[in-house]
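model30.tsv follows (TSV, C-alpha atoms and all ligand atoms):
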chain	number	residue	atom	x	y	z
H	1	MET	CA	18.07	30.68	5.08
H	2	MET	CA	16.24	28.20	2.85
H	3	GLU	CA	12.47	28.05	3.43
H	4	LYS	CA	11.39	24.77	5.04
H	5	TYR	CA	8.36	22.73	3.97
H	6	ALA	CA	7.24	19.16	4.71
H	7	VAL	CA	4.53	16.59	4.25
H	8	PHE	CA	3.27	14.69	7.30
H	9	GLY	CA	1.83	11.20	7.00
H	10	ASN	CA	2.18	7.62	8.16
H	11	PRO	CA	3.36	5.90	6.06
H	12	ILE	CA	4.94	8.62	3.95
H	13	ASN	CA	8.00	7.03	2.23
H	14	HIS	CA	6.48	6.94	-1.21
H	15	SER	CA	5.12	10.50	-1.21
H	16	LYS	CA	5.63	12.35	-4.48
H	17	SER	CA	5.06	15.73	-2.83
H	18	PRO	CA	8.76	16.59	-2.22
H	19	SER	CA	9.63	16.13	-5.90
H	20	ILE	CA	6.51	17.97	-7.08
H	21	HIS	CA	7.19	20.96	-4.82
H	22	GLN	CA	10.88	21.05	-5.77
H	23	HIS	CA	9.84	21.14	-9.42
H	24	PHE	CA	7.48	24.05	-8.73
H	25	ALA	CA	10.13	25.91	-6.70
H	26	GLU	CA	12.63	25.61	-9.56
H	27	GLN	CA	10.08	27.24	-11.85
H	28	ILE	CA	10.12	30.37	-9.73
H	29	GLY	CA	13.84	30.23	-9.05
H	30	LYS	CA	13.46	29.58	-5.33
H	31	LYS	CA	15.51	27.14	-3.27
H	32	ILE	CA	13.39	25.33	-0.69
H	33	SER	CA	13.73	22.26	1.47
H	34	TYR	CA	10.73	19.92	1.44
H	35	GLU	CA	10.97	16.78	3.55
H	36	THR	CA	8.73	13.86	4.43
H	37	ILE	CA	7.90	13.48	8.12
H	38	CYS	CA	6.57	10.13	9.25
H	39	SER	CA	4.76	11.08	12.45
H	40	PRO	CA	3.89	8.50	15.10
H	41	LEU	CA	0.12	8.19	15.18
H	42	ASP	CA	-0.22	9.61	18.69
H	43	ASP	CA	2.32	12.41	18.32
H	44	PHE	CA	1.09	14.36	15.33
H	45	ALA	CA	0.29	17.59	17.20
H	46	THR	CA	3.72	17.77	18.87
H	47	ASN	CA	5.47	17.08	15.58
H	48	VAL	CA	3.55	19.81	13.76
H	49	HIS	CA	4.17	22.33	16.54
H	50	ASN	CA	7.90	21.52	16.55
H	51	PHE	CA	8.11	21.82	12.79
H	52	PHE	CA	6.65	25.32	12.79
H	53	LYS	CA	8.54	26.34	15.96
H	54	ASN	CA	11.76	25.41	14.17
H	55	GLY	CA	11.07	27.67	11.21
H	56	GLY	CA	8.76	25.53	9.04
H	57	CYS	CA	6.91	27.72	6.53
H	58	GLY	CA	4.23	25.31	5.36
H	59	ALA	CA	3.16	21.68	5.61
H	60	ASN	CA	1.06	19.26	3.65
H	61	VAL	CA	-0.81	16.58	5.54
H	62	THR	CA	-1.90	13.22	4.25
H	63	VAL	CA	-3.39	9.95	5.52
H	64	PRO	CA	-4.16	9.46	8.38
H	65	PHE	CA	-3.75	13.01	9.75
H	66	LYS	CA	-6.12	15.23	7.72
H	67	LEU	CA	-8.78	15.32	10.42
H	68	ALA	CA	-6.20	15.86	13.19
H	69	ALA	CA	-4.66	18.72	11.18
H	70	PHE	CA	-8.06	20.36	10.88
H	71	GLU	CA	-8.68	20.05	14.61
H	72	LEU	CA	-5.22	21.33	15.50
H	73	ALA	CA	-5.49	24.54	13.48
H	74	GLU	CA	-6.48	27.75	15.25
H	75	PHE	CA	-8.12	29.11	12.11
H	76	LYS	CA	-9.72	27.11	9.30
H	77	ASN	CA	-10.13	28.51	5.80
H	78	ASN	CA	-13.33	27.92	3.90
H	79	ALA	CA	-12.40	24.71	2.10
H	80	ALA	CA	-11.16	23.15	5.35
H	81	GLN	CA	-14.36	24.19	7.14
H	82	MET	CA	-16.47	22.52	4.46
H	83	THR	CA	-14.56	19.25	4.55
H	84	LYS	CA	-13.63	19.18	8.24
H	85	ALA	CA	-10.20	18.05	7.07
H	86	ALA	CA	-6.96	19.79	6.12
H	87	ASN	CA	-4.15	18.92	3.72
H	88	THR	CA	-2.34	22.28	3.95
H	89	LEU	CA	-1.04	24.10	7.02
H	90	PHE	CA	0.79	27.39	7.44
H	91	ILE	CA	1.35	30.15	9.97
H	92	GLN	CA	-0.22	33.58	9.66
H	93	ASN	CA	-0.04	36.22	12.40
H	94	ASP	CA	1.36	33.57	14.74
H	95	LYS	CA	-1.68	31.36	14.21
H	96	LEU	CA	-1.78	27.89	12.66
H	97	ILE	CA	-4.09	28.04	9.63
H	98	ALA	CA	-5.67	25.01	7.92
H	99	ASP	CA	-6.76	24.80	4.31
H	100	ASN	CA	-7.80	21.98	2.00
H	101	THR	CA	-6.80	21.90	-1.66
H	102	ASP	CA	-7.95	18.37	-2.55
H	103	GLY	CA	-11.35	19.41	-3.89
H	104	ILE	CA	-10.09	22.30	-5.98
H	105	GLY	CA	-7.28	20.04	-7.22
H	106	LEU	CA	-9.83	17.56	-8.57
H	107	VAL	CA	-11.94	20.33	-10.11
H	108	LYS	CA	-8.90	21.86	-11.85
H	109	ASP	CA	-7.85	18.48	-13.21
H	110	LEU	CA	-11.33	17.75	-14.55
H	111	THR	CA	-12.04	21.16	-16.01
H	112	ILE	CA	-8.67	22.49	-17.17
H	113	ASN	CA	-6.62	19.37	-17.90
H	114	ASN	CA	-9.45	17.24	-19.24
H	115	GLY	CA	-11.95	19.78	-20.57
H	116	PHE	CA	-14.84	18.37	-18.53
H	117	ASN	CA	-17.29	21.13	-17.63
H	118	ILE	CA	-18.98	20.10	-14.35
H	119	LYS	CA	-21.92	22.49	-14.71
H	120	ASP	CA	-25.23	20.64	-15.30
H	121	LYS	CA	-23.55	17.24	-15.31
H	122	ASN	CA	-24.88	14.12	-13.62
H	123	ILE	CA	-22.16	12.80	-11.32
H	124	LEU	CA	-21.84	9.65	-9.21
H	125	ILE	CA	-19.40	9.37	-6.32
H	126	LEU	CA	-18.58	5.89	-5.01
H	127	GLY	CA	-17.58	5.89	-1.33
H	128	ALA	CA	-18.45	7.92	1.75
H	129	GLY	CA	-15.20	8.34	3.67
H	130	GLY	CA	-12.74	11.18	4.16
H	131	ALA	CA	-11.85	11.34	0.46
H	132	VAL	CA	-15.49	11.97	-0.45
H	133	ARG	CA	-15.77	14.72	2.14
H	134	GLY	CA	-12.66	16.28	0.59
H	135	ILE	CA	-14.15	16.66	-2.88
H	136	THR	CA	-17.91	17.09	-2.41
H	137	ALA	CA	-18.05	20.81	-1.61
H	138	ALA	CA	-15.72	21.73	-4.47
H	139	LEU	CA	-17.80	19.70	-6.95
H	140	LEU	CA	-21.10	21.21	-5.74
H	141	ASN	CA	-19.54	24.65	-6.08
H	142	GLU	CA	-19.33	24.04	-9.85
H	143	SER	CA	-23.15	23.63	-10.14
H	144	PRO	CA	-23.56	20.03	-11.33
H	145	LYS	CA	-27.07	18.90	-12.21
H	146	LEU	CA	-26.91	16.27	-9.48
H	147	LEU	CA	-24.33	14.56	-7.29
H	148	SER	CA	-25.31	11.02	-6.29
H	149	ILE	CA	-23.54	9.17	-3.50
H	150	LYS	CA	-23.26	5.37	-3.37
H	151	ASN	CA	-21.47	3.50	-0.63
H	152	ARG	CA	-21.16	-0.08	0.59
H	153	THR	CA	-22.36	1.10	4.01
H	154	LYS	CA	-25.47	3.10	3.22
H	155	ILE	CA	-25.72	5.05	6.45
H	156	LYS	CA	-22.39	6.74	5.78
H	157	ALA	CA	-23.63	7.86	2.38
H	158	GLU	CA	-26.74	9.27	4.09
H	159	ASP	CA	-24.51	11.25	6.46
H	160	ILE	CA	-22.65	12.78	3.50
H	161	VAL	CA	-25.91	13.75	1.80
H	162	ASN	CA	-27.20	15.34	5.00
H	163	ASP	CA	-23.96	17.18	5.71
H	164	PHE	CA	-23.64	18.71	2.22
H	165	THR	CA	-27.24	19.17	1.12
H	166	LYS	CA	-27.19	22.89	1.91
H	167	LEU	CA	-24.43	23.39	-0.68
H	168	GLY	CA	-26.24	22.05	-3.74
H	169	PRO	CA	-28.09	19.14	-5.39
H	170	ILE	CA	-26.91	15.94	-3.71
H	171	LYS	CA	-28.78	12.70	-3.01
H	172	LEU	CA	-28.32	9.00	-2.41
H	173	TYR	CA	-27.83	6.83	-5.48
H	174	ASP	CA	-30.93	4.84	-6.32
H	175	ASP	CA	-32.06	2.46	-9.04
H	176	ASN	CA	-33.83	5.27	-10.91
H	177	SER	CA	-30.67	7.31	-11.34
H	178	GLN	CA	-30.15	8.63	-14.87
H	179	GLU	CA	-27.04	7.95	-16.90
H	180	PHE	CA	-23.98	9.47	-15.29
H	181	ASP	CA	-21.60	11.76	-17.18
H	182	LEU	CA	-18.89	11.18	-14.60
H	183	ILE	CA	-18.32	8.34	-12.12
H	184	ILE	CA	-15.71	8.98	-9.44
H	185	ASN	CA	-14.19	6.19	-7.38
H	186	ALA	CA	-13.46	7.71	-3.98
H	187	THR	CA	-13.44	4.41	-2.10
H	188	SER	CA	-10.19	2.99	-0.85
H	189	SER	CA	-10.87	-0.24	-2.79
H	190	SER	CA	-7.92	0.42	-5.12
H	191	LEU	CA	-5.57	0.18	-2.14
H	192	SER	CA	-6.75	-3.34	-1.38
H	193	ASN	CA	-6.95	-4.20	-5.10
H	194	ASP	CA	-10.67	-5.02	-4.65
H	195	LYS	CA	-12.91	-4.82	-7.66
H	196	LEU	CA	-16.00	-2.64	-7.43
H	197	ASP	CA	-19.06	-3.98	-9.15
H	198	LEU	CA	-19.96	-1.48	-11.85
H	199	HIS	CA	-22.16	-3.37	-14.23
H	200	ASP	CA	-25.48	-2.08	-12.85
H	201	LEU	CA	-24.47	1.59	-12.99
H	202	PRO	CA	-26.10	3.67	-15.72
H	203	TYR	CA	-23.57	5.31	-18.05
H	204	HIS	CA	-23.33	6.35	-21.69
H	205	GLN	CA	-20.74	6.38	-24.48
H	206	GLN	CA	-19.01	9.53	-23.25
H	207	THR	CA	-19.08	8.80	-19.52
H	208	ILE	CA	-15.77	9.52	-17.79
H	209	CYS	CA	-14.56	7.23	-15.00
H	210	TYR	CA	-12.15	8.88	-12.57
H	211	ASP	CA	-10.26	7.10	-9.81
H	212	LEU	CA	-8.91	9.37	-7.08
H	213	PHE	CA	-6.02	6.92	-6.73
H	214	TYR	CA	-3.23	6.90	-9.26
H	215	SER	CA	-1.13	4.05	-10.46
H	216	ASP	CA	1.13	3.27	-13.41
H	217	GLU	CA	-1.28	0.54	-14.43
H	218	LEU	CA	-5.05	0.89	-14.61
H	219	THR	CA	-6.56	0.70	-11.12
H	220	PRO	CA	-9.04	-2.18	-10.60
H	221	PHE	CA	-11.90	0.34	-10.86
H	222	LEU	CA	-10.65	1.70	-14.19
H	223	GLN	CA	-9.86	-1.79	-15.44
H	224	ASN	CA	-13.44	-2.74	-14.70
H	225	ALA	CA	-14.71	0.43	-16.41
H	226	LYS	CA	-12.69	-0.43	-19.53
H	227	GLU	CA	-14.15	-3.93	-19.54
H	228	GLN	CA	-17.63	-2.35	-19.44
H	229	GLY	CA	-16.75	-0.37	-22.57
H	230	ILE	CA	-15.97	2.99	-20.99
H	231	ASN	CA	-13.17	4.65	-22.94
H	232	GLN	CA	-12.44	7.74	-20.90
H	233	CYS	CA	-10.58	6.49	-17.83
H	234	LEU	CA	-8.64	8.93	-15.67
H	235	ASP	CA	-6.70	8.37	-12.47
H	236	GLY	CA	-5.79	10.77	-9.68
H	237	TRP	CA	-2.33	11.80	-10.90
H	238	GLY	CA	-3.65	15.09	-12.27
H	239	MET	CA	-5.48	15.78	-9.02
H	240	LEU	CA	-2.31	15.08	-7.04
H	241	VAL	CA	-0.33	17.61	-9.09
H	242	GLU	CA	-3.11	20.21	-9.02
H	243	GLN	CA	-3.70	20.01	-5.26
H	244	ALA	CA	0.05	20.48	-4.80
H	245	ALA	CA	-0.03	23.53	-7.10
H	246	GLU	CA	-2.84	25.01	-4.99
H	247	SER	CA	-0.88	24.46	-1.77
H	248	PHE	CA	2.19	25.98	-3.43
H	249	ASN	CA	0.11	29.01	-4.37
H	250	ILE	CA	-1.07	29.42	-0.78
H	251	TRP	CA	2.51	29.38	0.52
H	252	HIS	CA	4.34	31.29	-2.23
H	253	GLN	CA	1.51	33.39	-3.77
H	254	ILE	CA	2.40	32.08	-7.25
H	255	ARG	CA	0.51	29.31	-9.02
H	256	PRO	CA	3.08	27.12	-10.78
H	257	GLN	CA	2.68	25.54	-14.22
H	258	THR	CA	1.41	21.98	-13.90
H	259	THR	CA	1.43	20.77	-17.52
H	260	TYR	CA	4.94	19.31	-17.48
H	261	LEU	CA	4.28	17.15	-14.41
H	262	ILE	CA	0.82	16.13	-15.62
H	263	ASN	CA	2.41	14.79	-18.81
H	264	ASN	CA	5.55	13.36	-17.24
H	265	ARG	CA	4.73	11.00	-14.41
H	266	PHE	CA	7.49	9.73	-12.23
E	301	LIG	P1	-10.64	7.60	2.80
E	301	LIG	O1	-10.03	8.62	3.69
E	301	LIG	O2	-9.71	7.06	1.73
E	301	LIG	O3	-11.95	8.02	2.21
E	301	LIG	P2	-12.09	5.97	4.66
E	301	LIG	O4	-12.61	7.17	5.34
E	301	LIG	O5	-11.64	4.78	5.46
E	301	LIG	O6	-10.87	6.31	3.72
E	301	LIG	O7	-13.22	5.48	3.63
E	301	LIG	C1	-13.04	4.38	2.80
E	301	LIG	C2	-14.24	4.28	1.85
E	301	LIG	O8	-13.99	3.24	0.88
E	301	LIG	C3	-15.51	3.91	2.53
E	301	LIG	O9	-16.58	4.52	1.85
E	301	LIG	C4	-15.55	2.38	2.35
E	301	LIG	O10	-16.83	1.83	2.39
E	301	LIG	P3	-17.54	1.50	3.82
E	301	LIG	O11	-18.03	2.82	4.33
E	301	LIG	O12	-18.61	0.57	3.48
E	301	LIG	O13	-16.46	0.91	4.68
E	301	LIG	C5	-15.02	2.28	0.96
E	301	LIG	N1	-14.43	0.97	0.63
E	301	LIG	C6	-13.25	0.47	1.06
E	301	LIG	N2	-13.02	-0.75	0.52
E	301	LIG	C7	-14.09	-1.02	-0.26
E	301	LIG	C8	-14.47	-2.13	-1.09
E	301	LIG	N3	-13.67	-3.19	-1.20
E	301	LIG	N4	-15.65	-2.07	-1.74
E	301	LIG	C9	-16.45	-1.00	-1.62
E	301	LIG	N5	-16.16	0.08	-0.86
E	301	LIG	C10	-15.00	0.08	-0.19

With the file now loaded, output its structure as structure tokens.
Ligand code: ATR
Amino acid sequence: MMEKYAVFGNPINHSKSPSIHQHFAEQIGKKISYETICSPLDDFATNVHNFFKNGGCGANVTVPFKLAAFELAEFKNNAAQMTKAANTLFIQNDKLIADNTDGIGLVKDLTINNGFNIKDKNILILGAGGAVRGITAALLNESPKLLSIKNRTKIKAEDIVNDFTKLGPIKLYDDNSQEFDLIINATSSSLSNDKLDLHDLPYHQQTICYDLFYSDELTPFLQNAKEQGINQCLDGWGMLVEQAAESFNIWHQIRPQTTYLINNRF
């Protein structure tokens, strides 16, 4: 019987995950089914249990269920523990296991696909929501010089700093911050097409701006960065492909090649 996989979300229509996972499965000559499941907001747990009861082998989880997926799991792997959120679920020894591949997906995209070595770099993260929690531990794990957090609502940025300070050098953004080598937009401002004000942020000629969102056109954040004279603008397409490759590896114990999808958006 064909192995069954799915991604849970709401909304989920436009998810690229089925096509990405089918592409990976073809690489290893495996036939899988991978469907999108739009779960009602109050019925996520039942839907997940039914999926696995009916032979599901693995599931991805996206907005707004990452926290619920973490809470539902009977065992949480390290990355999920750190972020208190899960994007990958599977069954092992009859137990529901949660993992999170978002952070490692970003790190792989930065380091391998874009040759950006995180070690000793000065990094700014904009935002303080779930997306920031998803990437902070993985970035600190690569020994940056400093991770600064800046958010519209300051208290939420303070919570992030407090929650992750034991993992490495992290602090609130302040006016004395030195020039950043990398500025990451992890706010949801791209969704609402809002512009973030960047002109006060310290950066240099080689600074990279990275938006966790992806889009065929420049996101408002990257558009703004370009207008400020920043040349290296990256969006989250590479991260999307790499987090999927990490989930695939967890389920199939083979890490697929990502280069083709990175270079051929759809
Ligand atoms: P996600 O899971 O995508 O991180 P979230 O937890 O709702 O979503 O967090 C959204 C983040 O984007 C928050 O940091 C939010 O700032 P506030 O904490 O001040 O709400 C930030 N955000 C959303 N729209 C924004 C905008 N137009 N300008 C600046 N920050 C914005």

| One-decimal distance in Å that lies between CA of Phe221 in chain H and CA of Trp237 in chain H |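 Spanning CA of Trp237 in chain H to CA of Phe221 in chain H is a straight-line distance of 14.9 Å.
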
| said: Please find the residues contacting ligand LIG 301 (chain E) at a distance of at most 9 Å between atoms, with all atoms listed in the file counted, and report them as an MDAnalysis selection string. | reply: chainID H and resid 63:64 66 126:134 150:157 185:197

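Between Leu172 in chain H and the candidates H:Ile123, H:Ile208, H:Ile91, H:Ile37, the tightest atom-to-atom separation, counting all atoms listed in the file, involves H:Ile123.
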
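With distances restricted to only C-alpha atoms, H:Gln232 is the closest residue to Ile183 in chain H from H:Gln232, H:Asn249, H:Asn93, H:Thr62.
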
| Which of these, H:Lys31, H:Lys76, H:Lys171, H:Lys108, has the shortest distance to Met1 in chain H once you count all atoms listed in the file? | H:Lys31

| task | Find the residues near range 24-29 of chain H: any atom within 9 Å, counting all atoms listed in the file, skip ones fewer than 6 places away on the same chain, and give them as a list in words. | result | Ala245, Phe248, Ile254, Arg255, Pro256, Gln257 and Thr258 of chain H

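Comparing the minimum interatomic distances between Glu3 in chain H and each of H:Trp251, H:Phe266, H:Phe65, H:Tyr210, counting all atoms listed in the file, we find that H:Trp251 sits nearest.
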
| Between CA of Leu72 in chain H and CA of Asn54 in chain H - distance in Å to one decimal | 17.5 Å

| task | May I have the protein, DNA and RNA residues with any atom at most 10 Å from the point (0.1, 12.1, 14.4), counting all atoms listed in the file, written as a list of chain:residue names? | result |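 Collected hits near the coordinates: H:Phe8, H:Gly9, H:Asn10, H:Cys38, H:Ser39, H:Pro40, H:Leu41, H:Asp42, H:Asp43, H:Phe44, H:Ala45, H:Thr46, H:Asn47, H:Val48, H:Val61, H:Val63, H:Pro64, H:Phe65, H:Lys66, H:Ala68, H:Ala69.
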
| Polymer residues at most 7 Å from range 112-119 of chain H, all atoms listed in the file, same-chain spacing of 2 or more positions, as a ChimeraX atom specification | /H:108-110,121,142-145

Once you have the residues from the selection above, write them out as a JSON list (two decimals), in the frame of the given file, restricted to C-alpha atoms.
[["chain", "number", "residue", "atom", "x", "y", "z"],
["H", 108, "LYS", "CA", -8.90, 21.86, -11.85],
["H", 109, "ASP", "CA", -7.85, 18.48, -13.21],
["H", 110, "LEU", "CA", -11.33, 17.75, -14.55],
["H", 121, "LYS", "CA", -23.55, 17.24, -15.31],
["H", 142, "GLU", "CA", -19.33, 24.04, -9.85],
["H", 143, "SER", "CA", -23.15, 23.63, -10.14],
["H", 144, "PRO", "CA", -23.56, 20.03, -11.33],
["H", 145, "LYS", "CA", -27.07, 18.90, -12.21]]

| message | Env of Phe52 in chain H: 9 Å cut, atoms = all atoms listed in the file, seq-sep filter 5 positions within chain, self excluded. Answer as a PyMOL selection string. | response | chain H and resi 47+57-59+90-91+96

| Expressed in Å to a single decimal, how great is the separation between CA of Pro220 in chain H and CA of Ile184 in chain H? |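 That distance, rounded to one decimal, is 13.1 Å.
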
| From H:Leu147, H:Val161, H:Ile135, H:Leu124, residue lying nearest Ala86 in chain H [all atoms listed in the file] |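 Among H:Leu147, H:Val161, H:Ile135, H:Leu124, it is H:Ile135 that comes nearest to Ala86 in chain H.
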